[in-house]
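**Q** The structure file run.cif (mmCIF, C-alpha atoms) is provided below.
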```cif
data_structure
loop_
_atom_site.group_PDB
_atom_site.id
_atom_site.type_symbol
_atom_site.label_atom_id
_atom_site.label_comp_id
_atom_site.auth_asym_id
_atom_site.auth_seq_id
_atom_site.Cartn_x
_atom_site.Cartn_y
_atom_site.Cartn_z
ATOM 1 C CA MET A 1 78.127 114.350 -21.460
ATOM 2 C CA THR A 2 75.458 116.835 -22.519
ATOM 3 C CA SER A 3 74.227 119.736 -20.429
ATOM 4 C CA ARG A 4 70.579 120.887 -20.241
ATOM 5 C CA THR A 5 71.340 123.423 -22.970
ATOM 6 C CA GLY A 6 72.808 120.826 -25.349
ATOM 7 C CA ALA A 7 76.466 121.786 -24.766
ATOM 8 C CA TYR A 8 78.920 118.893 -24.778
ATOM 9 C CA GLN A 9 81.601 118.385 -22.146
ATOM 10 C CA VAL A 10 84.398 115.826 -22.058
ATOM 11 C CA LYS A 11 85.520 114.821 -18.553
ATOM 12 C CA GLY A 12 88.155 112.341 -17.384
ATOM 13 C CA VAL A 13 89.525 111.594 -20.848
ATOM 14 C CA PRO A 14 93.334 111.360 -21.233
ATOM 15 C CA ASP A 15 95.265 113.527 -23.704
ATOM 16 C CA GLY A 16 94.957 112.391 -27.295
ATOM 17 C CA LYS A 17 92.865 112.455 -30.455
ATOM 18 C CA TYR A 18 89.324 111.085 -30.418
ATOM 19 C CA TRP A 19 86.302 110.745 -32.697
ATOM 20 C CA LEU A 20 82.783 111.514 -31.568
ATOM 21 C CA ARG A 21 80.010 110.051 -33.691
ATOM 22 C CA MET A 22 76.523 111.402 -33.128
ATOM 23 C CA LEU A 23 73.425 109.855 -34.630
ATOM 24 C CA TYR A 24 70.093 111.519 -34.048
ATOM 25 C CA SER A 25 66.649 111.870 -35.550
ATOM 26 C CA ALA A 26 65.451 115.359 -34.700
ATOM 27 C CA ASP A 27 64.003 116.086 -38.149
ATOM 28 C CA GLY A 28 65.231 113.131 -40.186
ATOM 29 C CA PHE A 29 68.184 110.920 -39.365
ATOM 30 C CA LYS A 30 71.546 112.652 -39.338
ATOM 31 C CA VAL A 31 75.061 111.563 -38.469
ATOM 32 C CA ARG A 32 77.815 113.904 -37.449
ATOM 33 C CA SER A 33 81.396 112.778 -36.840
ATOM 34 C CA ILE A 34 83.788 115.122 -35.076
ATOM 35 C CA ALA A 35 87.500 114.700 -34.402
ATOM 36 C CA ILE A 36 88.669 116.285 -31.172
ATOM 37 C CA THR A 37 92.086 116.763 -29.598
ATOM 38 C CA ILE A 38 92.311 116.863 -25.815
ATOM 39 C CA LYS A 39 95.286 118.252 -23.913
ATOM 40 C CA SER A 40 95.465 118.807 -20.155
ATOM 41 C CA GLY A 41 91.769 118.025 -19.798
ATOM 42 C CA LYS A 42 90.647 120.594 -22.372
ATOM 43 C CA VAL A 43 89.488 120.296 -25.960
ATOM 44 C CA ILE A 44 92.077 122.232 -27.946
ATOM 45 C CA SER A 45 90.830 121.511 -31.462
ATOM 46 C CA VAL A 46 87.684 120.274 -33.136
ATOM 47 C CA ARG A 47 87.238 119.089 -36.705
ATOM 48 C CA VAL A 48 84.016 118.051 -38.408
ATOM 49 C CA SER A 49 84.594 114.947 -40.556
ATOM 50 C CA THR A 50 83.883 116.845 -43.778
ATOM 51 C CA SER A 51 86.703 119.324 -43.122
ATOM 52 C CA SER A 52 90.400 118.572 -43.604
ATOM 53 C CA THR A 53 91.641 121.233 -41.161
ATOM 54 C CA PRO A 54 90.962 121.401 -37.428
ATOM 55 C CA VAL A 55 89.494 124.482 -35.865
ATOM 56 C CA THR A 56 91.580 125.636 -32.914
ATOM 57 C CA THR A 57 89.266 127.685 -30.810
ATOM 58 C CA THR A 58 89.478 130.143 -27.984
ATOM 59 C CA VAL A 59 85.749 130.188 -27.269
ATOM 60 C CA ASP A 60 84.319 128.510 -24.176
ATOM 61 C CA ASP A 61 82.444 125.942 -26.252
ATOM 62 C CA PRO A 62 84.610 124.647 -29.132
ATOM 63 C CA PHE A 63 81.746 122.487 -30.422
ATOM 64 C CA LEU A 64 79.683 125.591 -30.999
ATOM 65 C CA ALA A 65 82.554 127.021 -33.075
ATOM 66 C CA VAL A 66 82.132 124.212 -35.619
ATOM 67 C CA ASN A 67 78.355 124.062 -35.306
ATOM 68 C CA ALA A 68 78.542 120.631 -33.701
ATOM 69 C CA ARG A 69 75.812 121.172 -31.179
ATOM 70 C CA LEU A 70 72.871 118.926 -31.964
ATOM 71 C CA ASP A 71 69.452 120.484 -31.836
ATOM 72 C CA LEU A 72 67.429 117.942 -29.932
ATOM 73 C CA ALA A 73 65.036 120.484 -28.479
ATOM 74 C CA SER A 74 62.479 120.317 -31.301
ATOM 75 C CA TRP A 75 61.458 116.663 -31.052
ATOM 76 C CA TYR A 76 58.721 117.301 -28.507
ATOM 77 C CA ARG A 77 57.010 119.908 -30.704
ATOM 78 C CA ARG A 78 56.873 117.519 -33.626
ATOM 79 C CA TYR A 79 54.982 114.942 -31.558
ATOM 80 C CA GLY A 80 52.864 117.297 -29.475
ATOM 81 C CA VAL A 81 49.985 116.752 -27.107
ATOM 82 C CA ARG A 82 46.310 116.958 -27.984
ATOM 83 C CA VAL A 83 43.022 116.703 -26.080
ATOM 84 C CA GLU A 84 40.267 114.246 -26.963
ATOM 85 C CA GLY A 85 36.736 114.157 -25.596
ATOM 86 C CA SER A 86 33.562 116.222 -25.485
ATOM 87 C CA LYS A 87 34.216 119.779 -24.265
ATOM 88 C CA HIS A 88 31.284 119.992 -21.807
ATOM 89 C CA VAL A 89 31.179 119.965 -17.992
ATOM 90 C CA GLY A 90 30.830 116.424 -16.638
ATOM 91 C CA ASN A 91 32.690 114.800 -19.526
ATOM 92 C CA THR A 92 36.188 113.345 -19.333
ATOM 93 C CA GLN A 93 39.053 114.737 -21.387
ATOM 94 C CA THR A 94 42.004 112.576 -22.420
ATOM 95 C CA ALA A 95 45.507 113.894 -23.079
ATOM 96 C CA VAL A 96 47.180 112.121 -25.979
ATOM 97 C CA ALA A 97 50.973 112.480 -26.116
ATOM 98 C CA PRO A 98 53.685 109.986 -27.043
ATOM 99 C CA PRO A 99 55.508 108.404 -24.083
ATOM 100 C CA TRP A 100 58.704 108.088 -26.128
ATOM 101 C CA VAL A 101 61.441 110.474 -27.139
ATOM 102 C CA ALA A 102 61.544 111.017 -30.900
ATOM 103 C CA GLY A 103 64.977 112.662 -30.791
ATOM 104 C CA THR A 104 66.763 109.400 -30.006
ATOM 105 C CA TYR A 105 67.798 106.638 -32.350
ATOM 106 C CA PRO A 106 66.264 104.228 -32.090
ATOM 107 C CA ALA A 107 63.271 105.986 -30.528
ATOM 108 C CA SER A 108 63.321 105.250 -26.813
ATOM 109 C CA TYR A 109 61.195 105.964 -23.775
ATOM 110 C CA GLY A 110 61.729 108.971 -21.574
ATOM 111 C CA SER A 111 59.567 110.303 -18.791
ATOM 112 C CA ARG A 112 56.471 112.334 -19.504
ATOM 113 C CA THR A 113 54.480 114.418 -17.065
ATOM 114 C CA LEU A 114 51.142 116.091 -17.730
ATOM 115 C CA GLN A 115 49.565 119.220 -16.251
ATOM 116 C CA TRP A 116 46.013 120.308 -17.042
ATOM 117 C CA LYS A 117 45.432 124.075 -17.007
ATOM 118 C CA ARG A 118 42.399 126.365 -16.722
ATOM 119 C CA ASN A 119 42.974 129.703 -18.495
ATOM 120 C CA GLY A 120 46.713 128.954 -18.408
ATOM 121 C CA VAL A 121 46.848 128.308 -14.645
ATOM 122 C CA PRO A 122 47.683 124.763 -13.445
ATOM 123 C CA ILE A 123 44.707 122.895 -11.992
ATOM 124 C CA SER A 124 45.684 121.448 -8.624
ATOM 125 C CA GLY A 125 45.980 117.658 -8.736
ATOM 126 C CA ALA A 126 45.187 117.441 -12.475
ATOM 127 C CA THR A 127 48.307 115.589 -13.630
ATOM 128 C CA LYS A 128 46.882 112.353 -15.027
ATOM 129 C CA THR A 129 46.073 111.376 -18.596
ATOM 130 C CA LYS A 130 42.349 111.852 -17.945
ATOM 131 C CA TYR A 131 40.620 114.926 -16.508
ATOM 132 C CA LYS A 132 36.905 115.200 -15.729
ATOM 133 C CA LEU A 133 35.542 118.670 -16.487
ATOM 134 C CA ARG A 134 33.975 120.452 -13.479
ATOM 135 C CA SER A 135 31.620 123.369 -13.108
ATOM 136 C CA ALA A 136 34.653 125.625 -12.398
ATOM 137 C CA ASP A 137 35.768 124.898 -15.985
ATOM 138 C CA ARG A 138 32.580 126.227 -17.623
ATOM 139 C CA GLY A 139 33.372 129.163 -19.931
ATOM 140 C CA LYS A 140 37.114 128.752 -19.318
ATOM 141 C CA LYS A 141 39.836 127.617 -21.707
ATOM 142 C CA ILE A 142 41.342 124.212 -20.912
ATOM 143 C CA THR A 143 44.759 123.018 -22.098
ATOM 144 C CA VAL A 144 47.182 120.294 -21.136
ATOM 145 C CA THR A 145 50.972 120.639 -21.087
ATOM 146 C CA ALA A 146 53.189 117.602 -21.600
ATOM 147 C CA THR A 147 56.783 117.797 -20.399
ATOM 148 C CA PHE A 148 59.263 115.235 -21.666
ATOM 149 C CA ARG A 149 62.559 114.335 -19.983
ATOM 150 C CA LYS A 150 65.365 111.975 -20.885
ATOM 151 C CA TYR A 151 68.844 111.897 -19.440
ATOM 152 C CA GLY A 152 71.283 113.626 -21.808
ATOM 153 C CA TYR A 153 68.587 115.501 -23.726
ATOM 154 C CA VAL A 154 67.084 118.945 -23.434
ATOM 155 C CA THR A 155 63.849 118.886 -21.401
ATOM 156 C CA GLY A 156 60.943 120.029 -23.526
ATOM 157 C CA SER A 157 57.318 120.961 -23.045
ATOM 158 C CA THR A 158 54.462 121.369 -25.454
ATOM 159 C CA THR A 159 50.935 122.588 -24.790
ATOM 160 C CA SER A 160 47.754 121.511 -26.546
ATOM 161 C CA ARG A 161 45.399 123.818 -28.340
ATOM 162 C CA SER A 162 43.016 125.549 -25.903
ATOM 163 C CA TYR A 163 39.325 124.630 -25.741
ATOM 164 C CA ARG A 164 36.514 126.725 -24.294
ATOM 165 C CA ILE A 165 34.311 124.543 -22.116
ATOM 166 C CA GLY A 166 30.539 124.665 -22.443
#
```
Show me this structure written as C-alpha cells.
**A**
Amino acid sequence: MTSRTGAYQVKGVPDGKYWLRMLYSADGFKVRSIAITIKSGKVISVRVSTSSTPVTTTVDDPFLAVNARLDLASWYRRYGVRVEGSKHVGNTQTAVAPPWVAGTYPASYGSRTLQWKRNGVPISGATKTKYKLRSADRGKKITVTATFRKYGYVTGSTTSRSYRIG
C-alpha cells in the first residue's frame, strides 16, 4: 500500500521473507526489486536486489533508508496542460491535458479535474474542458489547472501558461 506521500506500508502480512517488484515509468521504464523481512508485523530489514547485504534499519520508513521510494510525483508535469483557442473575449478556450496517468505501466486512466482561473483565482463553475471568455476576463491572465488522481499514486497538479485576454 502506498500513502499520499509515496511511502510504502505492509499490512496483514505474516512473518517471513518477501520480494517486492516495482515497475514504473516516471522518466523511462525502471524496475526495482526489494527483499524485505517482516517480523511481528514490522519490516525489520530491507535489501535492494543489487546488494548482497540487508539493511537493518531503525528509521520509521525502512524503504527510505535504501532509497526504495519511487518518485511518481513528476509524471503530471511531463504531460502538462495547455490552453488552445483565440485569447479574446467571446471566444472559447479549450484545456488540453491527457486523461491518463503516465507514471503507471502500462499507462492507465486516472481521474482528471480542471479548474479555470482568472489572475490565479478559481473562476466559479469553470471546471469543464471548454471555457468561454467573458468581459470580466478582459485584461486579466487566464490559466487552467489540471489535477490528476489515481489510487496508490501521489496526486499531482499542473497549471498552464498564463494568457492575457484582449
**Q** Select, from A:Lys150, A:Arg161, A:Arg138, A:Lys132, the residue with the minimum atom-to-atom distance to A:Thr113, counting all atoms listed in the file.
**A**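 Counting all atoms listed in the file, the residue closest to A:Thr113 is A:Lys150.
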**Q** Rounded to one decimal, what separation in Å do you get between atom CA of A:Leu133 and atom CA of A:Arg82?
**A**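 Value for the atom CA of A:Leu133-atom CA of A:Arg82 distance: 15.8 Å.
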**Q** Can you list, as number ranges by chain, the residues that the PyMOL selection byres ((chain A and resi 96) around 8) selects here?
**A** A: 81-84, 94-95, 97-98, 129
**Q** Excluding A:Gly125 and its own-chain neighbours fewer than 3 positions away, which residues fall within 9 Å of it when counting only C-alpha atoms? Please give them as a list in words.
**A** Gln115, Trp116, Pro122 and Lys128 of chain A
**Q** May I have the protein, DNA and RNA residues with any atom at most 9 Å from the point (31.9, 114.3, -12.4), counting all atoms listed in the file, written as a PyMOL selection string?
**A** chain A and resi 89-92+132-134
**Q** Please report the interatomic distance between atom CA of A:Gly80 and atom CA of A:Arg112 in Å with one decimal.
**A**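 Separation between atom CA of A:Gly80 and atom CA of A:Arg112: 11.7 Å.
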**Q** The PyMOL selection byres ((chain A and resi 135-137) around 12) on the file shown: which residues, as a list in words?
**A**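 With the PyMOL selection byres ((chain A and resi 135-137) around 12) on this model, the match is Lys87, His88, Val89, Gly90, Asn91, Gln93, Trp116, Lys117, Arg118, Asn119, Gly120, Val121, Ile123, Tyr131, Lys132, Leu133, Arg134, Arg138, Gly139, Lys140, Lys141, Ile142, Thr143, Tyr163, Arg164, Ile165 and Gly166 of chain A.
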**Q** Determine, counting all atoms listed in the file, which protein, DNA and RNA residues have an atom within 12 Å of an atom of A:Gly12; residues of the same chain fewer than 6 positions away are not included. Present the result as a PDB file with C-alpha atoms, in the coordinates of the input.
**A**
```pdb
ATOM      1  CA  MET A   1      78.127 114.350 -21.460  1.00  0.00           C
ATOM      2  CA  ILE A  38      92.311 116.863 -25.815  1.00  0.00           C
ATOM      3  CA  LYS A  39      95.286 118.252 -23.913  1.00  0.00           C
ATOM      4  CA  SER A  40      95.465 118.807 -20.155  1.00  0.00           C
ATOM      5  CA  GLY A  41      91.769 118.025 -19.798  1.00  0.00           C
ATOM      6  CA  LYS A  42      90.647 120.594 -22.372  1.00  0.00           C
ATOM      7  CA  VAL A  43      89.488 120.296 -25.960  1.00  0.00           C
TER       8      VAL A  43
END
```
**Q** Rounded to one decimal in Å, what is the spacing between atom CA of A:Lys11 and atom CA of A:Ser157?
**A** 29.2 Å
**Q** Can you translate the PyMOL selection byres ((chain A and resi 18) around 10) into the concrete residues it hits in this file, as a PDB file with C-alpha atoms, keeping the file's coordinate frame?
**A**
```pdb
ATOM      1  CA  VAL A  13      89.525 111.594 -20.848  1.00  0.00           C
ATOM      2  CA  ASP A  15      95.265 113.527 -23.704  1.00  0.00           C
ATOM      3  CA  GLY A  16      94.957 112.391 -27.295  1.00  0.00           C
ATOM      4  CA  LYS A  17      92.865 112.455 -30.455  1.00  0.00           C
ATOM      5  CA  TRP A  19      86.302 110.745 -32.697  1.00  0.00           C
ATOM      6  CA  LEU A  20      82.783 111.514 -31.568  1.00  0.00           C
ATOM      7  CA  ARG A  21      80.010 110.051 -33.691  1.00  0.00           C
ATOM      8  CA  ILE A  34      83.788 115.122 -35.076  1.00  0.00           C
ATOM      9  CA  ALA A  35      87.500 114.700 -34.402  1.00  0.00           C
ATOM     10  CA  ILE A  36      88.669 116.285 -31.172  1.00  0.00           C
ATOM     11  CA  THR A  37      92.086 116.763 -29.598  1.00  0.00           C
ATOM     12  CA  ILE A  38      92.311 116.863 -25.815  1.00  0.00           C
ATOM     13  CA  VAL A  46      87.684 120.274 -33.136  1.00  0.00           C
TER      14      VAL A  46
END
```
**Q** I need the residue nearest A:Thr159 from this list: A:Gly110, A:Pro14, A:Thr145, A:Ala126. Use only C-alpha atoms for the distance.
**A** A:Thr145
**Q** Return as lines of an AutoDock Vina configuration file the centre and edge lengths, in Å with one decimal, of the box along x, y and z that encloses every atom of stretch 111-129 of chain A in the file, padded by 6 Å per side.
**A**
```
center_x = 51.0
center_y = 120.0
center_z = -14.1
size_x = 29.2
size_y = 31.4
size_z = 22.9
```
